[in-house]
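Novice: First the structure, then my questions, so here it is.
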Amino acid sequence: MTRRNLIPLGLAAPAFLLFAQGNNDWDTPFPPHKVAGNVYYVGSQGLASYLVTTPQGHILINSSFERTVPLIRKSVEGLGFKFTDIKILLTSHAHGDHAEGTALIKELTAAKIMVMQGDEGIIESGGQGDFQYTNKDWKPCKVDQVLKDGEQVKLGGATLTARHTPGHTRGCTTWTMKVRDEGKELLAVIVGSPNVNPGYQLVNNAKYPAIADDYAKSFQIWKSLEADIFLGAHGNYYGMLEKVEKLKKGGAGNPFIDPDGYRSYIAEREQAYLATLAKQKQAAGSK
Ligand SMILES: [Zn+2]
């Protein structure tokens, strides 16, 4: 979830508004496209989903909202792949805009549902138990496998590594994967979310006491990753629209290969986190 499209619970917005007021590009269809090697973008304009294809079936990352699933299906089929060949569903983090459609994907494909520890309860209860938001009306979905930091997910020659990067949610996950593209081996990194949403309490958070430490640890992980291909839970993390424009114009090089963009995004997000933390510490101290 991006920072600007959420209403903190404290403002008591009606539940139906929580996700209805999202970015207006969340429901905008977007042309599916190849990122590199066997990694494809199959999300809406504002909600990133990725398909990793293999000869033994495919891995989908992010179901998005339940209402997004038909759009993802269309994108997968538009690329010439079978939606029912999806064998594994992974998630960036258990907020509605990335995970509400989990049960529907399971129903349509019988994919194995793998979720990072800390987020599994939200998926299994149908959106309950987030420290910040109440999510209503998700269909609960059984989690087939709970993942730990560093655990690998393998299918048909593809290996994804789950990095536990909590803070944004307790089980926020950054996916990494080696991709072969035009003879080169590249590290793709799908950032789970480094964002401190409006209303997030980094200091004295009774529901999530370790939140600030978790963000700090996650930034260490993000800074340690030598990303070649920079991706994320929303396209706006990595300038998806501009990069797709570059792709359309042709020219040399793959625009998604952007190690500098990755580093500067993480550095900027860390500064934003530190600034919010300092402000909240000061406010707590002056009470
Ligand atoms: Zn989110």
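Within each chain, counting starts at residue 1; across the structure tokens, chains are named A, B, ... in the order shown, with ligands numbered 1 upward in that order.
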Mind checking DSSP for stretch 49-171 of chain A and telling me the helix (DSSP H, G or I) residues as a PyMOL selection string?
Specialist: chain A and resi 66-78+83-85+96-99+102-109+120-125
Novice: What would the file look like if the residues just selected were written as a short mmCIF file (atom, residue, chain, number, x, y, z; two decimals), in the first residue's frame with N, CA, C and O atoms?
Specialist:
```
data_model
loop_
_atom_site.label_atom_id
_atom_site.label_comp_id
_atom_site.auth_asym_id
_atom_site.auth_seq_id
_atom_site.Cartn_x
_atom_site.Cartn_y
_atom_site.Cartn_z
N GLU A 66 -9.90 -8.92 -4.51
CA GLU A 66 -10.67 -9.97 -5.18
C GLU A 66 -11.14 -9.47 -6.55
O GLU A 66 -11.11 -10.20 -7.53
N ARG A 67 -11.53 -8.19 -6.60
CA ARG A 67 -12.04 -7.65 -7.87
C ARG A 67 -10.93 -7.49 -8.93
O ARG A 67 -11.22 -7.29 -10.11
N THR A 68 -9.67 -7.57 -8.50
CA THR A 68 -8.54 -7.45 -9.45
C THR A 68 -8.24 -8.78 -10.13
O THR A 68 -7.60 -8.80 -11.20
N VAL A 69 -8.69 -9.88 -9.52
CA VAL A 69 -8.30 -11.21 -10.02
C VAL A 69 -8.68 -11.43 -11.50
O VAL A 69 -7.84 -11.93 -12.27
N PRO A 70 -9.89 -11.05 -11.93
CA PRO A 70 -10.21 -11.25 -13.36
C PRO A 70 -9.25 -10.49 -14.29
O PRO A 70 -8.90 -10.98 -15.38
N LEU A 71 -8.83 -9.32 -13.83
CA LEU A 71 -7.90 -8.52 -14.62
C LEU A 71 -6.52 -9.20 -14.71
O LEU A 71 -5.90 -9.23 -15.77
N ILE A 72 -6.10 -9.77 -13.60
CA ILE A 72 -4.82 -10.52 -13.59
C ILE A 72 -4.93 -11.72 -14.53
O ILE A 72 -4.03 -11.99 -15.31
N ARG A 73 -6.08 -12.38 -14.44
CA ARG A 73 -6.30 -13.56 -15.29
C ARG A 73 -6.17 -13.18 -16.77
O ARG A 73 -5.50 -13.86 -17.56
N LYS A 74 -6.81 -12.08 -17.11
CA LYS A 74 -6.77 -11.62 -18.50
C LYS A 74 -5.33 -11.32 -18.95
O LYS A 74 -4.92 -11.63 -20.07
N SER A 75 -4.58 -10.73 -18.05
CA SER A 75 -3.18 -10.40 -18.37
C SER A 75 -2.35 -11.66 -18.56
O SER A 75 -1.54 -11.75 -19.49
N VAL A 76 -2.55 -12.65 -17.67
CA VAL A 76 -1.81 -13.91 -17.78
C VAL A 76 -2.13 -14.57 -19.12
O VAL A 76 -1.24 -15.01 -19.86
N GLU A 77 -3.43 -14.62 -19.44
CA GLU A 77 -3.85 -15.26 -20.70
C GLU A 77 -3.41 -14.45 -21.91
O GLU A 77 -3.07 -15.01 -22.95
N GLY A 78 -3.39 -13.14 -21.75
CA GLY A 78 -2.93 -12.26 -22.84
C GLY A 78 -1.48 -12.51 -23.22
O GLY A 78 -1.07 -12.27 -24.36
N PHE A 83 -3.91 -19.54 -16.88
CA PHE A 83 -4.11 -19.09 -15.50
C PHE A 83 -4.14 -20.29 -14.54
O PHE A 83 -3.62 -20.22 -13.42
N THR A 84 -4.74 -21.38 -15.00
CA THR A 84 -4.86 -22.56 -14.14
C THR A 84 -3.52 -23.29 -13.96
O THR A 84 -3.43 -24.22 -13.18
N ASP A 85 -2.48 -22.84 -14.67
CA ASP A 85 -1.14 -23.39 -14.45
C ASP A 85 -0.43 -22.72 -13.28
O ASP A 85 0.72 -23.05 -12.98
N GLY A 96 -5.14 -5.51 2.00
CA GLY A 96 -6.16 -5.88 1.02
C GLY A 96 -5.73 -5.70 -0.43
O GLY A 96 -6.08 -6.52 -1.29
N ASP A 97 -4.98 -4.64 -0.70
CA ASP A 97 -4.64 -4.34 -2.10
C ASP A 97 -3.63 -5.32 -2.70
O ASP A 97 -3.37 -5.28 -3.90
N HIS A 98 -3.06 -6.18 -1.85
CA HIS A 98 -2.13 -7.19 -2.37
C HIS A 98 -2.59 -8.62 -2.12
O HIS A 98 -2.09 -9.55 -2.75
N ALA A 99 -3.54 -8.78 -1.18
CA ALA A 99 -3.81 -10.15 -0.71
C ALA A 99 -5.29 -10.51 -0.54
O ALA A 99 -5.60 -11.64 -0.22
N THR A 102 -6.68 -13.71 -2.34
CA THR A 102 -5.99 -14.98 -2.14
C THR A 102 -6.93 -16.18 -2.26
O THR A 102 -6.65 -17.14 -2.99
N ALA A 103 -8.07 -16.12 -1.55
CA ALA A 103 -9.01 -17.26 -1.56
C ALA A 103 -9.53 -17.52 -2.97
O ALA A 103 -9.71 -18.68 -3.37
N LEU A 104 -9.78 -16.46 -3.72
CA LEU A 104 -10.30 -16.63 -5.08
C LEU A 104 -9.26 -17.29 -5.99
O LEU A 104 -9.59 -18.17 -6.80
N ILE A 105 -8.01 -16.87 -5.86
CA ILE A 105 -6.93 -17.51 -6.65
C ILE A 105 -6.85 -19.00 -6.32
O ILE A 105 -6.74 -19.85 -7.20
N LYS A 106 -6.94 -19.30 -5.03
CA LYS A 106 -6.89 -20.70 -4.58
C LYS A 106 -8.05 -21.49 -5.21
O LYS A 106 -7.86 -22.60 -5.70
N GLU A 107 -9.22 -20.88 -5.18
CA GLU A 107 -10.42 -21.52 -5.73
C GLU A 107 -10.27 -21.79 -7.23
O GLU A 107 -10.61 -22.85 -7.74
N LEU A 108 -9.71 -20.84 -7.95
CA LEU A 108 -9.63 -20.93 -9.42
C LEU A 108 -8.48 -21.80 -9.91
O LEU A 108 -8.53 -22.35 -11.00
N THR A 109 -7.40 -21.89 -9.11
CA THR A 109 -6.18 -22.54 -9.61
C THR A 109 -5.70 -23.69 -8.73
O THR A 109 -4.81 -24.43 -9.15
N GLU A 120 0.36 -14.70 8.24
CA GLU A 120 -0.48 -15.85 7.91
C GLU A 120 -1.86 -15.76 8.58
O GLU A 120 -2.87 -16.16 7.98
N GLY A 121 -1.90 -15.20 9.80
CA GLY A 121 -3.17 -15.10 10.51
C GLY A 121 -4.16 -14.19 9.79
O GLY A 121 -5.38 -14.43 9.82
N ILE A 122 -3.64 -13.16 9.14
CA ILE A 122 -4.51 -12.21 8.42
C ILE A 122 -5.15 -12.90 7.21
O ILE A 122 -6.34 -12.73 6.94
N ILE A 123 -4.37 -13.70 6.51
CA ILE A 123 -4.90 -14.43 5.35
C ILE A 123 -5.91 -15.48 5.81
O ILE A 123 -6.98 -15.62 5.22
N GLU A 124 -5.57 -16.20 6.87
CA GLU A 124 -6.44 -17.30 7.32
C GLU A 124 -7.74 -16.81 7.93
O GLU A 124 -8.75 -17.50 7.87
N SER A 125 -7.72 -15.60 8.51
CA SER A 125 -8.93 -15.09 9.16
C SER A 125 -9.74 -14.22 8.20
O SER A 125 -10.80 -13.72 8.56
#
```
Novice: Using only C-alpha atoms and all ligand atoms, find each residue of chain A with at least one atom at most 12 Å away from an atom of ligand 1; report its shortest atom-to-atom pair and that distance in Å (one decimal), sort the rows by chain and rising residue number, and return the result as JSON lines.
Specialist:
```
{"residue": "A:Met1", "atom": "CA", "partner": "ligand 1", "partner_atom_place_in_ligand_line": "1 (Zn)", "distance": 3.1}
{"residue": "A:Thr2", "atom": "CA", "partner": "ligand 1", "partner_atom_place_in_ligand_line": "1 (Zn)", "distance": 6.4}
{"residue": "A:Arg3", "atom": "CA", "partner": "ligand 1", "partner_atom_place_in_ligand_line": "1 (Zn)", "distance": 8.2}
{"residue": "A:Arg4", "atom": "CA", "partner": "ligand 1", "partner_atom_place_in_ligand_line": "1 (Zn)", "distance": 10.7}
{"residue": "A:Asn5", "atom": "CA", "partner": "ligand 1", "partner_atom_place_in_ligand_line": "1 (Zn)", "distance": 9.7}
{"residue": "A:Leu6", "atom": "CA", "partner": "ligand 1", "partner_atom_place_in_ligand_line": "1 (Zn)", "distance": 8.8}
{"residue": "A:Ile7", "atom": "CA", "partner": "ligand 1", "partner_atom_place_in_ligand_line": "1 (Zn)", "distance": 11.8}
{"residue": "A:Phe19", "atom": "CA", "partner": "ligand 1", "partner_atom_place_in_ligand_line": "1 (Zn)", "distance": 11.1}
{"residue": "A:Gly22", "atom": "CA", "partner": "ligand 1", "partner_atom_place_in_ligand_line": "1 (Zn)", "distance": 11.5}
{"residue": "A:Leu47", "atom": "CA", "partner": "ligand 1", "partner_atom_place_in_ligand_line": "1 (Zn)", "distance": 10.6}
{"residue": "A:Ala48", "atom": "CA", "partner": "ligand 1", "partner_atom_place_in_ligand_line": "1 (Zn)", "distance": 11.8}
{"residue": "A:Asn62", "atom": "CA", "partner": "ligand 1", "partner_atom_place_in_ligand_line": "1 (Zn)", "distance": 11.6}
{"residue": "A:Ser64", "atom": "CA", "partner": "ligand 1", "partner_atom_place_in_ligand_line": "1 (Zn)", "distance": 10.7}
{"residue": "A:Thr91", "atom": "CA", "partner": "ligand 1", "partner_atom_place_in_ligand_line": "1 (Zn)", "distance": 10.9}
{"residue": "A:Ser92", "atom": "CA", "partner": "ligand 1", "partner_atom_place_in_ligand_line": "1 (Zn)", "distance": 8.4}
{"residue": "A:His93", "atom": "CA", "partner": "ligand 1", "partner_atom_place_in_ligand_line": "1 (Zn)", "distance": 6.4}
{"residue": "A:Ala94", "atom": "CA", "partner": "ligand 1", "partner_atom_place_in_ligand_line": "1 (Zn)", "distance": 7.2}
{"residue": "A:His95", "atom": "CA", "partner": "ligand 1", "partner_atom_place_in_ligand_line": "1 (Zn)", "distance": 5.0}
{"residue": "A:Gly96", "atom": "CA", "partner": "ligand 1", "partner_atom_place_in_ligand_line": "1 (Zn)", "distance": 7.7}
{"residue": "A:Asp97", "atom": "CA", "partner": "ligand 1", "partner_atom_place_in_ligand_line": "1 (Zn)", "distance": 7.1}
{"residue": "A:His98", "atom": "CA", "partner": "ligand 1", "partner_atom_place_in_ligand_line": "1 (Zn)", "distance": 7.4}
{"residue": "A:Ala99", "atom": "CA", "partner": "ligand 1", "partner_atom_place_in_ligand_line": "1 (Zn)", "distance": 9.6}
{"residue": "A:Glu100", "atom": "CA", "partner": "ligand 1", "partner_atom_place_in_ligand_line": "1 (Zn)", "distance": 11.5}
{"residue": "A:Asp119", "atom": "CA", "partner": "ligand 1", "partner_atom_place_in_ligand_line": "1 (Zn)", "distance": 11.8}
{"residue": "A:Asp130", "atom": "CA", "partner": "ligand 1", "partner_atom_place_in_ligand_line": "1 (Zn)", "distance": 10.7}
{"residue": "A:Phe131", "atom": "CA", "partner": "ligand 1", "partner_atom_place_in_ligand_line": "1 (Zn)", "distance": 11.9}
{"residue": "A:Gln132", "atom": "CA", "partner": "ligand 1", "partner_atom_place_in_ligand_line": "1 (Zn)", "distance": 10.5}
{"residue": "A:Tyr133", "atom": "CA", "partner": "ligand 1", "partner_atom_place_in_ligand_line": "1 (Zn)", "distance": 10.1}
{"residue": "A:Asn135", "atom": "CA", "partner": "ligand 1", "partner_atom_place_in_ligand_line": "1 (Zn)", "distance": 11.9}
{"residue": "A:Pro166", "atom": "CA", "partner": "ligand 1", "partner_atom_place_in_ligand_line": "1 (Zn)", "distance": 11.2}
{"residue": "A:Gly167", "atom": "CA", "partner": "ligand 1", "partner_atom_place_in_ligand_line": "1 (Zn)", "distance": 10.2}
{"residue": "A:His168", "atom": "CA", "partner": "ligand 1", "partner_atom_place_in_ligand_line": "1 (Zn)", "distance": 6.5}
{"residue": "A:Thr169", "atom": "CA", "partner": "ligand 1", "partner_atom_place_in_ligand_line": "1 (Zn)", "distance": 7.3}
{"residue": "A:Arg170", "atom": "CA", "partner": "ligand 1", "partner_atom_place_in_ligand_line": "1 (Zn)", "distance": 11.0}
{"residue": "A:Gly171", "atom": "CA", "partner": "ligand 1", "partner_atom_place_in_ligand_line": "1 (Zn)", "distance": 11.0}
{"residue": "A:Cys172", "atom": "CA", "partner": "ligand 1", "partner_atom_place_in_ligand_line": "1 (Zn)", "distance": 8.6}
{"residue": "A:Thr173", "atom": "CA", "partner": "ligand 1", "partner_atom_place_in_ligand_line": "1 (Zn)", "distance": 11.0}
{"residue": "A:Val191", "atom": "CA", "partner": "ligand 1", "partner_atom_place_in_ligand_line": "1 (Zn)", "distance": 11.3}
{"residue": "A:Gly192", "atom": "CA", "partner": "ligand 1", "partner_atom_place_in_ligand_line": "1 (Zn)", "distance": 8.3}
{"residue": "A:Ser193", "atom": "CA", "partner": "ligand 1", "partner_atom_place_in_ligand_line": "1 (Zn)", "distance": 6.6}
{"residue": "A:Pro194", "atom": "CA", "partner": "ligand 1", "partner_atom_place_in_ligand_line": "1 (Zn)", "distance": 9.2}
{"residue": "A:Asn195", "atom": "CA", "partner": "ligand 1", "partner_atom_place_in_ligand_line": "1 (Zn)", "distance": 7.9}
{"residue": "A:Val196", "atom": "CA", "partner": "ligand 1", "partner_atom_place_in_ligand_line": "1 (Zn)", "distance": 9.2}
{"residue": "A:Asn197", "atom": "CA", "partner": "ligand 1", "partner_atom_place_in_ligand_line": "1 (Zn)", "distance": 8.0}
{"residue": "A:Pro198", "atom": "CA", "partner": "ligand 1", "partner_atom_place_in_ligand_line": "1 (Zn)", "distance": 11.2}
{"residue": "A:Tyr200", "atom": "CA", "partner": "ligand 1", "partner_atom_place_in_ligand_line": "1 (Zn)", "distance": 11.5}
{"residue": "A:Gly232", "atom": "CA", "partner": "ligand 1", "partner_atom_place_in_ligand_line": "1 (Zn)", "distance": 11.3}
{"residue": "A:Ala233", "atom": "CA", "partner": "ligand 1", "partner_atom_place_in_ligand_line": "1 (Zn)", "distance": 8.3}
{"residue": "A:His234", "atom": "CA", "partner": "ligand 1", "partner_atom_place_in_ligand_line": "1 (Zn)", "distance": 9.3}
```
Novice: Between A:Trp138, A:Asp181, A:Lys82, A:Gln56, which residue has the minimum interatomic distance to A:Lys154, considering only C-alpha atoms?
Specialist: A:Gln56
Novice: What is the distance, in Å and to one decimal place, between atom CA of A:Thr176 and atom CA of A:Ala111?
Specialist: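 So the two atoms, atom CA of A:Thr176 and atom CA of A:Ala111, lie 20.1 Å apart.
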Novice: Go through A:Ala158, A:Leu241, A:Ile257, A:Met116 and flag the residue nearest A:Asp25, using only C-alpha atoms for the distances.
Specialist: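 Closest residue, counting only C-alpha atoms: A:Leu241.
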Novice: Env of A:Ala216: 9 Å cut, atoms = only C-alpha atoms, seq-sep filter 2 positions within chain, self excluded. Answer as a PDB file with N, CA and C atoms, in the first residue's frame.
Specialist:
```pdb
ATOM      1  N   GLY A 167       7.475  -4.485   9.411  1.00  0.00           N
ATOM      2  CA  GLY A 167       7.307  -3.071   9.769  1.00  0.00           C
ATOM      3  C   GLY A 167       5.999  -2.596   9.175  1.00  0.00           C
ATOM      4  N   ILE A 211       7.704  -2.437  16.239  1.00  0.00           N
ATOM      5  CA  ILE A 211       7.571  -1.924  14.864  1.00  0.00           C
ATOM      6  C   ILE A 211       8.789  -1.120  14.403  1.00  0.00           C
ATOM      7  N   ALA A 212       9.292  -0.225  15.235  1.00  0.00           N
ATOM      8  CA  ALA A 212      10.419   0.623  14.798  1.00  0.00           C
ATOM      9  C   ALA A 212      11.665  -0.225  14.569  1.00  0.00           C
ATOM     10  N   ASP A 213      11.923  -1.161  15.491  1.00  0.00           N
ATOM     11  CA  ASP A 213      13.080  -2.049  15.324  1.00  0.00           C
ATOM     12  C   ASP A 213      12.942  -2.893  14.065  1.00  0.00           C
ATOM     13  N   ASP A 214      11.713  -3.330  13.798  1.00  0.00           N
ATOM     14  CA  ASP A 214      11.490  -4.145  12.605  1.00  0.00           C
ATOM     15  C   ASP A 214      11.799  -3.356  11.332  1.00  0.00           C
ATOM     16  N   SER A 218      14.675  -4.188   8.628  1.00  0.00           N
ATOM     17  CA  SER A 218      14.302  -4.365   7.218  1.00  0.00           C
ATOM     18  C   SER A 218      15.145  -3.459   6.314  1.00  0.00           C
ATOM     19  N   PHE A 219      15.401  -2.223   6.763  1.00  0.00           N
ATOM     20  CA  PHE A 219      16.243  -1.346   5.938  1.00  0.00           C
ATOM     21  C   PHE A 219      17.659  -1.919   5.798  1.00  0.00           C
ATOM     22  N   GLN A 220      18.159  -2.592   6.855  1.00  0.00           N
ATOM     23  CA  GLN A 220      19.469  -3.238   6.733  1.00  0.00           C
ATOM     24  C   GLN A 220      19.440  -4.309   5.645  1.00  0.00           C
ATOM     25  N   ILE A 221      18.355  -5.076   5.622  1.00  0.00           N
ATOM     26  CA  ILE A 221      18.232  -6.113   4.589  1.00  0.00           C
ATOM     27  C   ILE A 221      18.162  -5.476   3.202  1.00  0.00           C
ATOM     28  N   GLU A 270      14.333   5.263   3.676  1.00  0.00           N
ATOM     29  CA  GLU A 270      14.909   5.164   5.023  1.00  0.00           C
ATOM     30  C   GLU A 270      14.926   6.539   5.692  1.00  0.00           C
ATOM     31  N   TYR A 273      11.471   7.252   6.883  1.00  0.00           N
ATOM     32  CA  TYR A 273      11.190   6.481   8.111  1.00  0.00           C
ATOM     33  C   TYR A 273      11.863   7.139   9.318  1.00  0.00           C
ATOM     34  N   LEU A 274      13.143   7.501   9.164  1.00  0.00           N
ATOM     35  CA  LEU A 274      13.884   8.094  10.280  1.00  0.00           C
ATOM     36  C   LEU A 274      13.280   9.432  10.693  1.00  0.00           C
TER      37      LEU A 274
END
```
Novice: With only C-alpha atoms as the basis for distance, which of A:Gln280, A:Gln152, A:Gln145, A:Asn24 is at the shortest distance from A:Gly46?
Specialist: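 Among the listed residues, A:Asn24 lies closest to A:Gly46.
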Novice: State, in Å with one decimal place, the distance from atom CA of A:Gly57 to atom CA of A:Lys178.
Specialist: 17.7 Å
Novice: Using only C-alpha atoms, which protein or nucleic acid residues come within 9 Å of A:Leu51? Drop anything in the same chain fewer than 5 positions from it, and give the result as an MDAnalysis selection string.
Specialist: chainID A and resid 38:42 58:61 76 86
Novice: Taking the chain letters and numbering used in this document, name the residues of stretch 81-268 of chain A that DSSP puts in strand (DSSP E or B), as a count of residues only.
Specialist: 46
Novice: Suppose you want the space between atom CA of A:Lys281 and atom CA of A:His164; what is it in Å?
Specialist: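 Separation between atom CA of A:Lys281 and atom CA of A:His164: 25.4 Å.
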Novice: Compile the contact shell of A:Leu147 as a CSV table (one decimal) with C-alpha atoms, in the first residue's frame: residues with an atom at most 7 Å away, counting only C-alpha atoms, same-chain residues fewer than 5 positions apart removed.
Specialist:
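Ended up saving to out.csv:
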```
chain,number,residue,atom,x,y,z
A,114,MET,CA,2.7,-19.6,1.0
A,115,VAL,CA,2.8,-16.7,3.4
A,116,MET,CA,5.6,-15.2,5.6
A,117,GLN,CA,5.3,-15.7,9.3
```
Novice: For A:Asp228, work out the shell of residues within 9 Å, counting only C-alpha atoms and skipping chain neighbours fewer than 5 positions away, then give it as a PDB file with N, CA, C and O atoms, in the first residue's frame.
Specialist:
```
ATOM      1  N   LEU A 186      20.866 -11.942 -13.402  1.00  0.00           N
ATOM      2  CA  LEU A 186      20.548 -10.693 -12.706  1.00  0.00           C
ATOM      3  C   LEU A 186      19.741 -11.002 -11.452  1.00  0.00           C
ATOM      4  O   LEU A 186      18.979 -11.973 -11.419  1.00  0.00           O
ATOM      5  N   LEU A 187      19.895 -10.166 -10.430  1.00  0.00           N
ATOM      6  CA  LEU A 187      19.079 -10.328  -9.227  1.00  0.00           C
ATOM      7  C   LEU A 187      17.874  -9.390  -9.307  1.00  0.00           C
ATOM      8  O   LEU A 187      18.025  -8.167  -9.375  1.00  0.00           O
ATOM      9  N   ALA A 188      16.690  -9.996  -9.315  1.00  0.00           N
ATOM     10  CA  ALA A 188      15.457  -9.209  -9.263  1.00  0.00           C
ATOM     11  C   ALA A 188      15.009  -9.098  -7.805  1.00  0.00           C
ATOM     12  O   ALA A 188      15.056 -10.074  -7.060  1.00  0.00           O
ATOM     13  N   VAL A 189      14.613  -7.900  -7.408  1.00  0.00           N
ATOM     14  CA  VAL A 189      14.139  -7.663  -6.038  1.00  0.00           C
ATOM     15  C   VAL A 189      12.760  -7.023  -6.106  1.00  0.00           C
ATOM     16  O   VAL A 189      12.584  -5.964  -6.723  1.00  0.00           O
ATOM     17  N   PHE A 256      14.147  -1.967 -16.766  1.00  0.00           N
ATOM     18  CA  PHE A 256      13.891  -2.485 -15.410  1.00  0.00           C
ATOM     19  C   PHE A 256      15.191  -2.815 -14.675  1.00  0.00           C
ATOM     20  O   PHE A 256      15.190  -3.001 -13.471  1.00  0.00           O
ATOM     21  N   ILE A 257      16.286  -2.896 -15.426  1.00  0.00           N
ATOM     22  CA  ILE A 257      17.588  -3.052 -14.778  1.00  0.00           C
ATOM     23  C   ILE A 257      17.997  -1.669 -14.280  1.00  0.00           C
ATOM     24  O   ILE A 257      18.310  -0.773 -15.066  1.00  0.00           O
ATOM     25  N   ASP A 258      17.935  -1.499 -12.965  1.00  0.00           N
ATOM     26  CA  ASP A 258      18.068  -0.149 -12.403  1.00  0.00           C
ATOM     27  C   ASP A 258      18.634  -0.206 -10.976  1.00  0.00           C
ATOM     28  O   ASP A 258      17.964   0.158 -10.003  1.00  0.00           O
ATOM     29  N   PRO A 259      19.883  -0.657 -10.856  1.00  0.00           N
ATOM     30  CA  PRO A 259      20.471  -0.759  -9.509  1.00  0.00           C
ATOM     31  C   PRO A 259      20.536   0.594  -8.786  1.00  0.00           C
ATOM     32  O   PRO A 259      20.310   0.663  -7.585  1.00  0.00           O
ATOM     33  N   ASP A 260      20.813   1.654  -9.536  1.00  0.00           N
ATOM     34  CA  ASP A 260      20.901   2.978  -8.893  1.00  0.00           C
ATOM     35  C   ASP A 260      19.539   3.431  -8.394  1.00  0.00           C
ATOM     36  O   ASP A 260      19.414   4.000  -7.311  1.00  0.00           O
ATOM     37  N   TYR A 262      17.115   1.535  -7.466  1.00  0.00           N
ATOM     38  CA  TYR A 262      16.810   0.747  -6.252  1.00  0.00           C
ATOM     39  C   TYR A 262      17.482   1.372  -5.047  1.00  0.00           C
ATOM     40  O   TYR A 262      16.834   1.637  -4.030  1.00  0.00           O
TER      41      TYR A 262
END
```
